Amino acid sequence: MKVVGLEEHYVTREVVDAWNSLDARWRDPATAGSTTGDTGRRLLTLGEERLAVMDDAGIDTQVMSLTTPGLWNLDPGAGVALQSASNDTLADAVRQHPDRMRGFATLALQDPTAAAAELQRAVTSLDFDGALIFSRVRDQSIDHTDFWPLFEAAEALGAPLYLHPQSPPPGVREAYYGGFGDVVDAAFATHGVGWHYDTGVQLLRLILAGVFDRFPGLQIIMGHWGEMVPFYLDRIDRMSATAGLQRSISEYVATNVHLTPGGVFSQRYLRWALDVVGPERIMFAADYPFVPTDGGKARGFLDGADLTDAQRAAIASENWERLRAGIRR
């Protein structure tokens, strides 16, 4: 059984330098964990050490992506300059280990036209498999029509977009997640729960804004079992008529969204996801290097799941390979 991980991260020194040069307003609290300690070191590594960790985890292939918040907090000039450089760095690593490594493009959506062109280049020239995106460009939500050239390009290419968490805006962090000290506040606003609500809300904003009506072939991948949305779909669906949508929200999820565990190795959440979207819309992700996978934990999660052999193989890699086969290169 081949296992492919779809939410596996890296960073470059140039991106770290750009993050560190930002004004305090635009700094993401998650960058501290991505630039220091063993995690920061592993994110910079694209070679043999990463392969050894994959072997130990039981992962055959990583689809790698620039870690949060990517380039989306940078000013437009810096972001656009770094998107091509980051993708070229990743492409070099992929070429050295083509059977073990794949890539999601890094984009700077501050310039939507340039981002769409870079996605085209990444897919057709660098052989990437889509892109990893975030909820906002600084303080502007990506459901705004200014950013729709990216969705148009992704649909035309058949290239999936992995919608990944980034930290909530400063005002939201202060109002909802503040008051417990810097360390707890940062955890609360990010991996504790803030990331996941924020990303789930952004998926709903894309639906409510009509993005999937305008681009019905667009495919979005959501980590962490769908970032809260699947667990409340029965309630969320009540907005469908109110918003005048062409379909119910659950129908958009069933046709335009794929789920991964994103390193949350929960059999309970897997059962829920199976019930909500079915095995054909679940894929695998280990969230390297943020989640421990030593001792075969990644493959062990799949091996220990209450799945048929066909379902297990589909989630491990076959669903991804089918989605990837639809990319127009």
# chains A, B, ... in the order shown; residues from 1 in each chain; ligands from 1
$ closest_atom_pairs --of "region 74-142 of chain A" --to "region 25-29 of chain A" --cutoff "12 Å" --atoms "only C-alpha atoms" --output "tab-separated table"
residue	atom	partner	partner_atom	distance
A:Leu74	CA	A:Trp26	CA	7.6
A:Asp75	CA	A:Trp26	CA	9.5
A:Arg136	CA	A:Trp26	CA	11.7
A:Val137	CA	A:Trp26	CA	10.3
A:Arg138	CA	A:Trp26	CA	6.9
A:Asp139	CA	A:Trp26	CA	9.0
$ write_last_selection --atoms "N, CA and C atoms" --output "PDB file, in the first residue's frame"
ATOM      1  N   LEU A  74       3.335  39.222   3.436  1.00  0.00           N
ATOM      2  CA  LEU A  74       4.382  40.110   2.934  1.00  0.00           C
ATOM      3  C   LEU A  74       3.796  41.221   2.075  1.00  0.00           C
ATOM      4  N   ASP A  75       4.583  42.268   1.849  1.00  0.00           N
ATOM      5  CA  ASP A  75       4.136  43.287   0.906  1.00  0.00           C
ATOM      6  C   ASP A  75       4.221  42.705  -0.502  1.00  0.00           C
ATOM      7  N   ARG A 136      -6.381  34.601   3.882  1.00  0.00           N
ATOM      8  CA  ARG A 136      -6.362  36.043   3.681  1.00  0.00           C
ATOM      9  C   ARG A 136      -5.008  36.490   3.131  1.00  0.00           C
ATOM     10  N   VAL A 137      -5.064  37.554   2.358  1.00  0.00           N
ATOM     11  CA  VAL A 137      -3.872  38.295   1.981  1.00  0.00           C
ATOM     12  C   VAL A 137      -3.831  39.508   2.898  1.00  0.00           C
ATOM     13  N   ARG A 138      -2.916  39.437   3.877  1.00  0.00           N
ATOM     14  CA  ARG A 138      -2.933  40.404   4.969  1.00  0.00           C
ATOM     15  C   ARG A 138      -4.333  40.431   5.582  1.00  0.00           C
ATOM     16  N   ASP A 139      -5.113  41.494   5.416  1.00  0.00           N
ATOM     17  CA  ASP A 139      -6.414  41.516   6.089  1.00  0.00           C
ATOM     18  C   ASP A 139      -7.583  41.397   5.117  1.00  0.00           C
TER      19      ASP A 139
END
$ residues_around --residues "region 92-94 of chain A" --least-positions-apart "6" --cutoff "9 Å" --atoms "only C-alpha atoms" --output "PyMOL selection string"
chain A and resi 46-47+100-103
$ closest_residue --among "A:Trp272, A:Trp195, A:Phe212, A:Phe265" --to "Leu233 (chain A)" --atoms "only C-alpha atoms"
A:Trp272
$ residues_around --residues "Thr39 (chain A)" --least-positions-apart "5" --cutoff "10 Å" --atoms "only C-alpha atoms" --output "list in words"
Tyr10, Gly33, Ser34, Leu44, Tyr288, Pro289, Phe290 and Val291 of chain A
$ atom_distance --atom1 "CA of Phe188 (chain A)" --atom2 "CA of Gly262 (chain A)"
17.9 Å
$ closest_atom_pairs --of "region 132-162 of chain A" --to "region 104-114 of chain A" --cutoff "10 Å" --atoms "only C-alpha atoms" --output "Markdown table"
| residue | atom | partner | partner_atom | distance |
| --- | --- | --- | --- | --- |
| A:Leu132 | CA | A:Phe104 | CA | 5.8 |
| A:Ile133 | CA | A:Leu107 | CA | 7.3 |
| A:Phe134 | CA | A:Leu109 | CA | 9.4 |
| A:Arg136 | CA | A:Leu109 | CA | 9.0 |
| A:Val137 | CA | A:Gln110 | CA | 6.3 |
| A:Arg138 | CA | A:Gln110 | CA | 8.6 |
| A:Gln140 | CA | A:Gln110 | CA | 9.7 |
| A:Ile142 | CA | A:Leu109 | CA | 8.6 |
| A:Asp146 | CA | A:Pro112 | CA | 7.2 |
| A:Phe147 | CA | A:Pro112 | CA | 5.5 |
| A:Trp148 | CA | A:Pro112 | CA | 7.7 |
| A:Pro149 | CA | A:Pro112 | CA | 6.1 |
| A:Leu150 | CA | A:Pro112 | CA | 6.3 |
| A:Phe151 | CA | A:Pro112 | CA | 9.7 |
| A:Ala153 | CA | A:Thr113 | CA | 9.5 |
| A:Ala159 | CA | A:Phe104 | CA | 9.7 |
| A:Pro160 | CA | A:Phe104 | CA | 9.2 |
| A:Leu161 | CA | A:Phe104 | CA | 8.4 |
| A:Tyr162 | CA | A:Phe104 | CA | 8.3 |
$ closest_residue --among "A:Ala189, A:Val277, A:Ala154, A:Ala30" --to "Pro230 (chain A)" --atoms "only C-alpha atoms"
A:Val277
$ residues_around --residues "His258 (chain A)" --least-positions-apart "5" --cutoff "9 Å" --atoms "only C-alpha atoms" --output "list of chain:residue names"
A:Gln219, A:Ile220, A:Ile221, A:Met222, A:Gly223, A:Gly226, A:Val253, A:Val277, A:Glu280, A:Arg281, A:Ile282, A:Met283
$ residues_around --residues "His9 (chain A)" --least-positions-apart "3" --cutoff "9 Å" --atoms "only C-alpha atoms" --output "list in words"
Leu43, Gln62, Val63, Met64, Ser65, Leu66, Thr67, Thr68, Asp287, Tyr288, Pro289 and Phe290 of chain A
$ closest_residue --among "A:Gly278, A:Pro69, A:Gly179, A:Gly130" --to "Leu157 (chain A)" --atoms "only C-alpha atoms"
A:Gly130
$ select_by_dssp --residues "region 172-269 of chain A" --states "helix (DSSP H, G or I)" --output "ChimeraX atom specification"
/A:172-177,182-192,194-208,211-214,224-227,229-236,239-242,249-256,267-269
$ residues_around --residues "Asp143 (chain A)" --least-positions-apart "2" --cutoff "8 Å" --atoms "only C-alpha atoms" --output "number ranges by chain"
A: 141, 145, 147-148, 202, 205-206, 209, 211
$ select_by_dssp --residues "region 42-138 of chain A" --states "strand (DSSP E or B)" --output "PyMOL selection string"
chain A and resi 61-66+101-103+105+131-133+136-137
$ closest_residue --among "A:Ile249, A:Val172, A:Leu302, A:Ala314" --to "Pro279 (chain A)" --atoms "only C-alpha atoms"
A:Ala314
$ closest_residue --among "A:Ala305, A:Ile236, A:Glu251, A:Asn319" --to "Arg271 (chain A)" --atoms "only C-alpha atoms"
A:Ala305
